[in-house]
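Structure data follow from coords_11.json (JSON, C-alpha atoms):
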[["chain", "number", "residue", "atom", "x", "y", "z"],
["A", 1, "MET", "CA", 73.66, 12.45, -43.04],
["A", 2, "THR", "CA", 70.42, 13.91, -44.44],
["A", 3, "ASP", "CA", 71.64, 14.34, -48.06],
["A", 4, "ASP", "CA", 70.02, 12.02, -50.53],
["A", 5, "PRO", "CA", 72.27, 10.24, -53.07],
["A", 6, "ASP", "CA", 71.33, 12.52, -55.99],
["A", 7, "ARG", "CA", 72.04, 15.70, -54.03],
["A", 8, "HIS", "CA", 75.34, 14.30, -52.80],
["A", 9, "ALA", "CA", 76.34, 13.37, -56.37],
["A", 10, "GLN", "CA", 75.53, 16.90, -57.58],
["A", 11, "LYS", "CA", 77.63, 18.46, -54.79],
["A", 12, "MET", "CA", 80.56, 16.19, -55.57],
["A", 13, "ALA", "CA", 80.26, 16.94, -59.31],
["A", 14, "LYS", "CA", 80.48, 20.68, -58.58],
["A", 15, "LYS", "CA", 83.51, 20.14, -56.36],
["A", 16, "LYS", "CA", 85.18, 18.03, -59.03],
["A", 17, "ALA", "CA", 84.54, 20.63, -61.71],
["A", 18, "ALA", "CA", 86.03, 23.35, -59.50],
["A", 19, "ARG", "CA", 89.02, 21.18, -58.66],
["A", 20, "ASP", "CA", 89.60, 20.24, -62.30],
["A", 21, "LYS", "CA", 89.55, 23.93, -63.23],
["A", 22, "ILE", "CA", 92.23, 24.68, -60.63],
["A", 23, "MET", "CA", 94.35, 21.67, -61.63],
["A", 24, "ALA", "CA", 94.28, 22.72, -65.30],
["A", 25, "THR", "CA", 96.27, 25.83, -64.36],
["A", 26, "LYS", "CA", 99.03, 23.82, -62.63],
["A", 27, "THR", "CA", 101.29, 22.89, -65.53],
["A", 28, "GLY", "CA", 104.77, 23.87, -64.38],
["A", 29, "GLU", "CA", 107.54, 21.52, -63.26],
["A", 30, "LYS", "CA", 110.72, 22.31, -61.36],
["A", 31, "GLY", "CA", 113.12, 20.82, -58.90],
["A", 32, "LEU", "CA", 111.79, 21.68, -55.47],
["A", 33, "ILE", "CA", 113.53, 22.79, -52.30],
["A", 34, "ILE", "CA", 111.64, 20.93, -49.57],
["A", 35, "VAL", "CA", 112.07, 21.54, -45.83],
["A", 36, "HIS", "CA", 110.80, 19.26, -43.06],
["A", 37, "THR", "CA", 111.18, 20.92, -39.67],
["A", 38, "GLY", "CA", 109.47, 21.27, -36.30],
["A", 39, "LYS", "CA", 109.56, 19.51, -32.92],
["A", 40, "GLY", "CA", 107.31, 16.63, -33.96],
["A", 41, "LYS", "CA", 108.39, 13.15, -35.04],
["A", 42, "GLY", "CA", 108.41, 12.22, -38.71],
["A", 43, "LYS", "CA", 110.71, 14.68, -40.49],
["A", 44, "SER", "CA", 113.27, 12.14, -41.69],
["A", 45, "SER", "CA", 110.62, 9.42, -42.03],
["A", 46, "ALA", "CA", 108.62, 11.55, -44.46],
["A", 47, "ALA", "CA", 111.76, 12.44, -46.39],
["A", 48, "PHE", "CA", 112.77, 8.80, -46.70],
["A", 49, "GLY", "CA", 109.27, 8.08, -47.94],
["A", 50, "MET", "CA", 110.01, 10.39, -50.88],
["A", 51, "ILE", "CA", 113.37, 8.70, -51.47],
["A", 52, "PHE", "CA", 111.66, 5.31, -51.64],
["A", 53, "ARG", "CA", 109.07, 6.79, -53.97],
["A", 54, "CYS", "CA", 111.91, 7.88, -56.28],
["A", 55, "ILE", "CA", 113.44, 4.41, -56.06],
["A", 56, "ALA", "CA", 110.09, 2.85, -56.96],
["A", 57, "HIS", "CA", 109.93, 5.05, -60.06],
["A", 58, "GLY", "CA", 113.49, 4.16, -61.06],
["A", 59, "MET", "CA", 114.70, 7.71, -60.40],
["A", 60, "PRO", "CA", 118.31, 7.99, -59.15],
["A", 61, "SER", "CA", 118.60, 9.67, -55.77],
["A", 62, "ALA", "CA", 121.02, 10.18, -52.90],
["A", 63, "VAL", "CA", 121.09, 10.61, -49.13],
["A", 64, "VAL", "CA", 123.60, 12.50, -47.00],
["A", 65, "GLN", "CA", 123.19, 12.14, -43.22],
["A", 66, "PHE", "CA", 124.72, 15.12, -41.45],
["A", 67, "ILE", "CA", 124.37, 14.19, -37.77],
["A", 68, "LYS", "CA", 123.34, 10.58, -37.32],
["A", 69, "GLY", "CA", 126.29, 8.26, -37.01],
["A", 70, "GLY", "CA", 126.85, 4.69, -38.09],
["A", 71, "MET", "CA", 123.89, 3.27, -36.15],
["A", 72, "SER", "CA", 121.88, 0.76, -38.14],
["A", 73, "THR", "CA", 118.48, 2.04, -39.33],
["A", 74, "GLY", "CA", 115.85, 0.31, -41.42],
["A", 75, "GLU", "CA", 116.03, 2.85, -44.23],
["A", 76, "ARG", "CA", 119.80, 2.78, -44.45],
["A", 77, "ASP", "CA", 120.03, -1.02, -44.29],
["A", 78, "LEU", "CA", 117.37, -1.50, -46.96],
["A", 79, "ILE", "CA", 118.94, 0.98, -49.35],
["A", 80, "LEU", "CA", 122.46, -0.38, -48.87],
["A", 81, "SER", "CA", 121.34, -4.00, -49.26],
["A", 82, "ARG", "CA", 119.01, -3.63, -52.23],
["A", 83, "PHE", "CA", 119.00, -0.24, -53.91],
["A", 84, "THR", "CA", 122.58, 1.04, -54.25],
["A", 85, "ASP", "CA", 122.07, 1.09, -58.02],
["A", 86, "LEU", "CA", 119.41, 3.78, -57.56],
["A", 87, "CYS", "CA", 120.34, 5.55, -54.32],
["A", 88, "GLN", "CA", 123.74, 6.59, -53.02],
["A", 89, "PHE", "CA", 123.88, 6.67, -49.21],
["A", 90, "HIS", "CA", 126.48, 8.65, -47.25],
["A", 91, "THR", "CA", 126.47, 8.72, -43.45],
["A", 92, "MET", "CA", 128.83, 11.61, -42.74],
["A", 93, "GLY", "CA", 128.07, 12.39, -39.10],
["A", 94, "GLU", "CA", 129.39, 10.71, -35.97],
["A", 95, "GLY", "CA", 126.31, 11.03, -33.81],
["A", 96, "PHE", "CA", 124.27, 13.77, -32.22],
["A", 97, "THR", "CA", 126.12, 16.80, -30.90],
["A", 98, "TRP", "CA", 125.54, 15.91, -27.26],
["A", 99, "GLU", "CA", 127.21, 12.55, -27.89],
["A", 100, "THR", "CA", 130.37, 13.76, -29.66],
["A", 101, "GLN", "CA", 130.93, 16.83, -27.43],
["A", 102, "ASP", "CA", 133.61, 17.99, -29.88],
["A", 103, "ARG", "CA", 132.61, 21.13, -31.79],
["A", 104, "THR", "CA", 135.72, 21.17, -33.95],
["A", 105, "ARG", "CA", 135.20, 17.58, -35.07],
["A", 106, "ASP", "CA", 131.46, 18.13, -35.58],
["A", 107, "THR", "CA", 132.18, 21.18, -37.73],
["A", 108, "GLU", "CA", 134.71, 19.31, -39.85],
["A", 109, "MET", "CA", 132.30, 16.42, -40.40],
["A", 110, "ALA", "CA", 129.39, 18.72, -41.24],
["A", 111, "GLN", "CA", 131.45, 20.68, -43.74],
["A", 112, "ALA", "CA", 132.64, 17.45, -45.37],
["A", 113, "ALA", "CA", 129.01, 16.33, -45.57],
["A", 114, "TRP", "CA", 128.05, 19.64, -47.21],
["A", 115, "GLU", "CA", 130.80, 19.21, -49.82],
["A", 116, "LYS", "CA", 129.49, 15.71, -50.59],
["A", 117, "ALA", "CA", 125.95, 17.08, -50.74],
["A", 118, "LYS", "CA", 126.94, 19.72, -53.29],
["A", 119, "GLU", "CA", 128.67, 17.08, -55.41],
["A", 120, "LEU", "CA", 125.55, 14.90, -55.41],
["A", 121, "ILE", "CA", 123.19, 17.81, -56.09],
["A", 122, "ARG", "CA", 125.33, 19.01, -59.00],
["A", 123, "ASP", "CA", 125.04, 15.59, -60.65],
["A", 124, "PRO", "CA", 122.02, 15.97, -62.96],
["A", 125, "ALA", "CA", 121.45, 12.21, -62.85],
["A", 126, "ASN", "CA", 120.19, 12.53, -59.25],
["A", 127, "ARG", "CA", 116.54, 13.52, -59.28],
["A", 128, "MET", "CA", 116.34, 13.89, -55.49],
["A", 129, "VAL", "CA", 118.94, 14.44, -52.77],
["A", 130, "LEU", "CA", 118.03, 14.16, -49.10],
["A", 131, "LEU", "CA", 120.12, 16.17, -46.65],
["A", 132, "ASP", "CA", 119.09, 14.47, -43.43],
["A", 133, "GLU", "CA", 119.43, 16.58, -40.26],
["A", 134, "ILE", "CA", 121.24, 19.40, -42.07],
["A", 135, "ASN", "CA", 119.11, 21.87, -40.09],
["A", 136, "ILE", "CA", 120.86, 20.74, -36.92],
["A", 137, "ALA", "CA", 124.26, 21.46, -38.48],
["A", 138, "LEU", "CA", 122.98, 24.85, -39.62],
["A", 139, "ARG", "CA", 121.53, 25.63, -36.20],
["A", 140, "TYR", "CA", 124.94, 25.18, -34.56],
["A", 141, "ASP", "CA", 126.67, 27.11, -37.36],
["A", 142, "TYR", "CA", 128.75, 24.13, -38.43],
["A", 143, "ILE", "CA", 127.85, 25.19, -41.98],
["A", 144, "ASP", "CA", 127.29, 28.73, -43.26],
["A", 145, "ILE", "CA", 123.59, 29.25, -43.99],
["A", 146, "ASN", "CA", 124.49, 31.86, -46.62],
["A", 147, "ASP", "CA", 126.56, 29.29, -48.51],
["A", 148, "VAL", "CA", 123.71, 26.78, -48.41],
["A", 149, "VAL", "CA", 121.13, 29.31, -49.58],
["A", 150, "ALA", "CA", 123.35, 30.62, -52.37],
["A", 151, "PHE", "CA", 124.11, 27.12, -53.63],
["A", 152, "LEU", "CA", 120.50, 25.96, -53.57],
["A", 153, "ARG", "CA", 119.40, 29.15, -55.31],
["A", 154, "ASP", "CA", 122.14, 29.34, -57.94],
["A", 155, "GLY", "CA", 123.93, 25.97, -58.16],
["A", 156, "LYS", "CA", 121.16, 23.38, -58.04],
["A", 157, "PRO", "CA", 120.14, 21.87, -61.40],
["A", 158, "ALA", "CA", 116.69, 23.05, -62.42],
["A", 159, "MET", "CA", 114.97, 19.68, -62.11],
["A", 160, "THR", "CA", 116.68, 18.33, -58.98],
["A", 161, "HIS", "CA", 114.63, 18.06, -55.79],
["A", 162, "VAL", "CA", 116.50, 18.71, -52.52],
["A", 163, "VAL", "CA", 114.96, 17.73, -49.17],
["A", 164, "LEU", "CA", 116.37, 19.22, -45.96],
["A", 165, "THR", "CA", 115.33, 17.88, -42.55],
["A", 166, "GLY", "CA", 115.81, 18.73, -38.91],
["A", 167, "ARG", "CA", 114.42, 20.97, -36.20],
["A", 168, "ASN", "CA", 114.80, 24.75, -36.15],
["A", 169, "ALA", "CA", 115.12, 25.40, -39.88],
["A", 170, "LYS", "CA", 116.70, 28.79, -40.45],
["A", 171, "ASP", "CA", 114.47, 31.60, -41.70],
["A", 172, "GLU", "CA", 116.74, 32.08, -44.71],
["A", 173, "LEU", "CA", 116.16, 28.48, -45.75],
["A", 174, "ILE", "CA", 112.41, 28.69, -45.26],
["A", 175, "GLU", "CA", 112.37, 31.83, -47.39],
["A", 176, "ILE", "CA", 113.84, 30.13, -50.48],
["A", 177, "ALA", "CA", 112.03, 26.80, -50.04],
["A", 178, "ASP", "CA", 109.17, 25.76, -52.31],
["A", 179, "LEU", "CA", 107.59, 23.44, -49.73],
["A", 180, "VAL", "CA", 107.91, 23.69, -45.95],
["A", 181, "THR", "CA", 106.26, 21.31, -43.51],
["A", 182, "GLU", "CA", 106.47, 21.85, -39.76],
["A", 183, "MET", "CA", 105.86, 18.71, -37.73],
["A", 184, "GLU", "CA", 103.96, 19.60, -34.57],
["A", 185, "LEU", "CA", 104.49, 17.59, -31.40],
["A", 186, "VAL", "CA", 101.17, 16.67, -29.77],
["A", 187, "LYS", "CA", 102.15, 13.52, -27.86],
["A", 188, "HIS", "CA", 105.29, 11.39, -27.79],
["A", 189, "PRO", "CA", 105.84, 8.07, -25.98],
["A", 190, "PHE", "CA", 109.31, 9.20, -24.87],
["A", 191, "ARG", "CA", 107.60, 11.45, -22.32],
["A", 192, "SER", "CA", 105.94, 8.36, -20.83],
["A", 193, "GLY", "CA", 109.24, 6.54, -20.44],
["A", 194, "ILE", "CA", 109.09, 4.59, -23.72],
["A", 195, "LYS", "CA", 112.43, 4.28, -25.48],
["A", 196, "ALA", "CA", 113.02, 4.57, -29.23],
["A", 197, "GLN", "CA", 111.81, 1.35, -30.85],
["A", 198, "ILE", "CA", 112.84, -0.53, -33.97],
["A", 199, "GLY", "CA", 110.44, -0.04, -36.85],
["A", 200, "VAL", "CA", 109.13, 3.22, -35.39],
["A", 201, "GLU", "CA", 112.16, 5.43, -34.79],
["A", 202, "PHE", "CA", 114.85, 3.54, -36.70]]

Could you write out this structure as structure tokens?
Amino acid sequence: MTDDPDRHAQKMAKKKAARDKIMATKTGEKGLIIVHTGKGKGKSSAAFGMIFRCIAHGMPSAVVQFIKGGMSTGERDLILSRFTDLCQFHTMGEGFTWETQDRTRDTEMAQAAWEKAKELIRDPANRMVLLDEINIALRYDYIDINDVVAFLRDGKPAMTHVVLTGRNAKDELIEIADLVTEMELVKHPFRSGIKAQIGVEF
């Protein structure tokens, strides 16, 4: 770097002033519709990070898992063992679709999970509700996307955050979302023969 300390300080002061001016205009608050999608790893992990952030702030929250079955995961075990007073956890799926191979059963389970999700979202005590892997259920039309969009648009309490994860998010969902992140796959150890590992994937 060729900048001297005084010049660097002046540049940073200008950046801070510009940033402060922008931040002064951001005064609104609302419950957000947040979508994590894409082929890359980290969609549920990032969503659980927000759930744990809510827990840390003493904000009631809830999780509904649409696809993943009763397999033990670090997030689920920690919440169920220590934080049930702040976070309700409902595993409503029976495993990934290629494992169950029963469309009728998958549809019934997904629709039951959606009913539970609506109940939790309607409860104004819950500041955040995570709908884990709901995008998979929507992709296979186990749940009506129009019902989901209408409920999130018209039935969600104003200050409740709802996080929806899973690949292939529907365009209709992306359209109404406030925040959409697409995880991009660059490299994955699975392609090199490495299996899912505790502490990384679950």

Neighbour list for segment 187-202 of chain A as a PyMOL selection string, cut-off 8 Å, only C-alpha atoms, skip fewer than 2 positions in-chain: chain A and resi 72-75+185

Spatial neighbours of Met183 of chain A, max dist 7 Å, only C-alpha atoms, sep filter under 3 positions, as a PyMOL selection string: chain A and resi 37-41+43

Thr91 of chain A environment, 6 Å, all atoms listed in the file, sequence neighbours closer than 2 positions dropped, as a PyMOL selection string: chain A and resi 64-65+93

Could you write out that same residue set with C-alpha atoms as a PDB file, keeping the file's coordinate frame?
ATOM      1  CA  VAL A  64     123.600  12.500 -47.000  1.00  0.00           C
ATOM      2  CA  GLN A  65     123.190  12.140 -43.220  1.00  0.00           C
ATOM      3  CA  GLY A  93     128.070  12.390 -39.100  1.00  0.00           C
TER       4      GLY A  93
END

Given all atoms listed in the file as the counted atoms, nearest of A:Arg7, A:Arg76, A:Lys16, A:Lys30 to Ser45 of chain A: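 Using all atoms listed in the file, the shortest distance to Ser45 of chain A belongs to A:Arg76.
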
Test item: which residues lie within 12 Å of (118.9, 1.4, -54.1) counting all atoms listed in the file, as a PyMOL selection string: chain A and resi 51-63+75-89

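For segment 163-170 of chain A, the residues within 7 Å (counting all atoms listed in the file, excluding itself and residues fewer than 4 positions away along the chain) are Ile33, Ile34, Val35, His36, Thr37, Gly38, Lys39, Lys43, Ser44, Ala47, Val129, Leu130, Leu131, Asp132, Glu133, Ile134, Asn135, Ile136, Arg139 and Ile174 of chain A.
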
Straight-line distance linking atom CA of Met71 of chain A with atom CA of Ala113 of chain A, stated in Å to one decimal: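 Atom-to-atom, atom CA of Met71 of chain A to atom CA of Ala113 of chain A, that is 16.9 Å.
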
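Residue nearest Gly49 of chain A within the list A:Leu32, A:Ala9, A:Met128, A:Leu120: A:Met128 [criterion: smallest interatomic distance, all atoms listed in the file].
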
Distance of atom CA of Asn126 of chain A from atom CA of Pro157 of chain A, expressed in Å to one decimal place: 9.6 Å

Distance criterion (all atoms listed in the file): nearest to Asp154 of chain A out of A:Asp171, A:Ile176, A:Tyr140, A:Arg105: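 Selected residue with least distance to Asp154 of chain A: A:Ile176.
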
Between atom CA of Asp20 of chain A and atom CA of Asp3 of chain A - distance in Å to one decimal: 23.7 Å

Which residues are close to Lys156 of chain A, i.e. within 9 Å by all atoms listed in the file, leaving aside same-chain residues fewer than 2 positions away? Reply as a compact mmCIF listing (two decimals) with C-alpha atoms, in the coordinates of the input.
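The new file part_29.txt reads:
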# COMPACT_ATOMS: atom_id res chain seq x y z
CA GLY A 31 113.12 20.82 -58.90
CA LYS A 118 126.94 19.72 -53.29
CA ILE A 121 123.19 17.81 -56.09
CA ARG A 122 125.33 19.01 -59.00
CA PRO A 124 122.02 15.97 -62.96
CA PHE A 151 124.11 27.12 -53.63
CA LEU A 152 120.50 25.96 -53.57
CA ARG A 153 119.40 29.15 -55.31
CA ASP A 154 122.14 29.34 -57.94
CA ALA A 158 116.69 23.05 -62.42
CA MET A 159 114.97 19.68 -62.11
CA THR A 160 116.68 18.33 -58.98
CA HIS A 161 114.63 18.06 -55.79
CA VAL A 162 116.50 18.71 -52.52
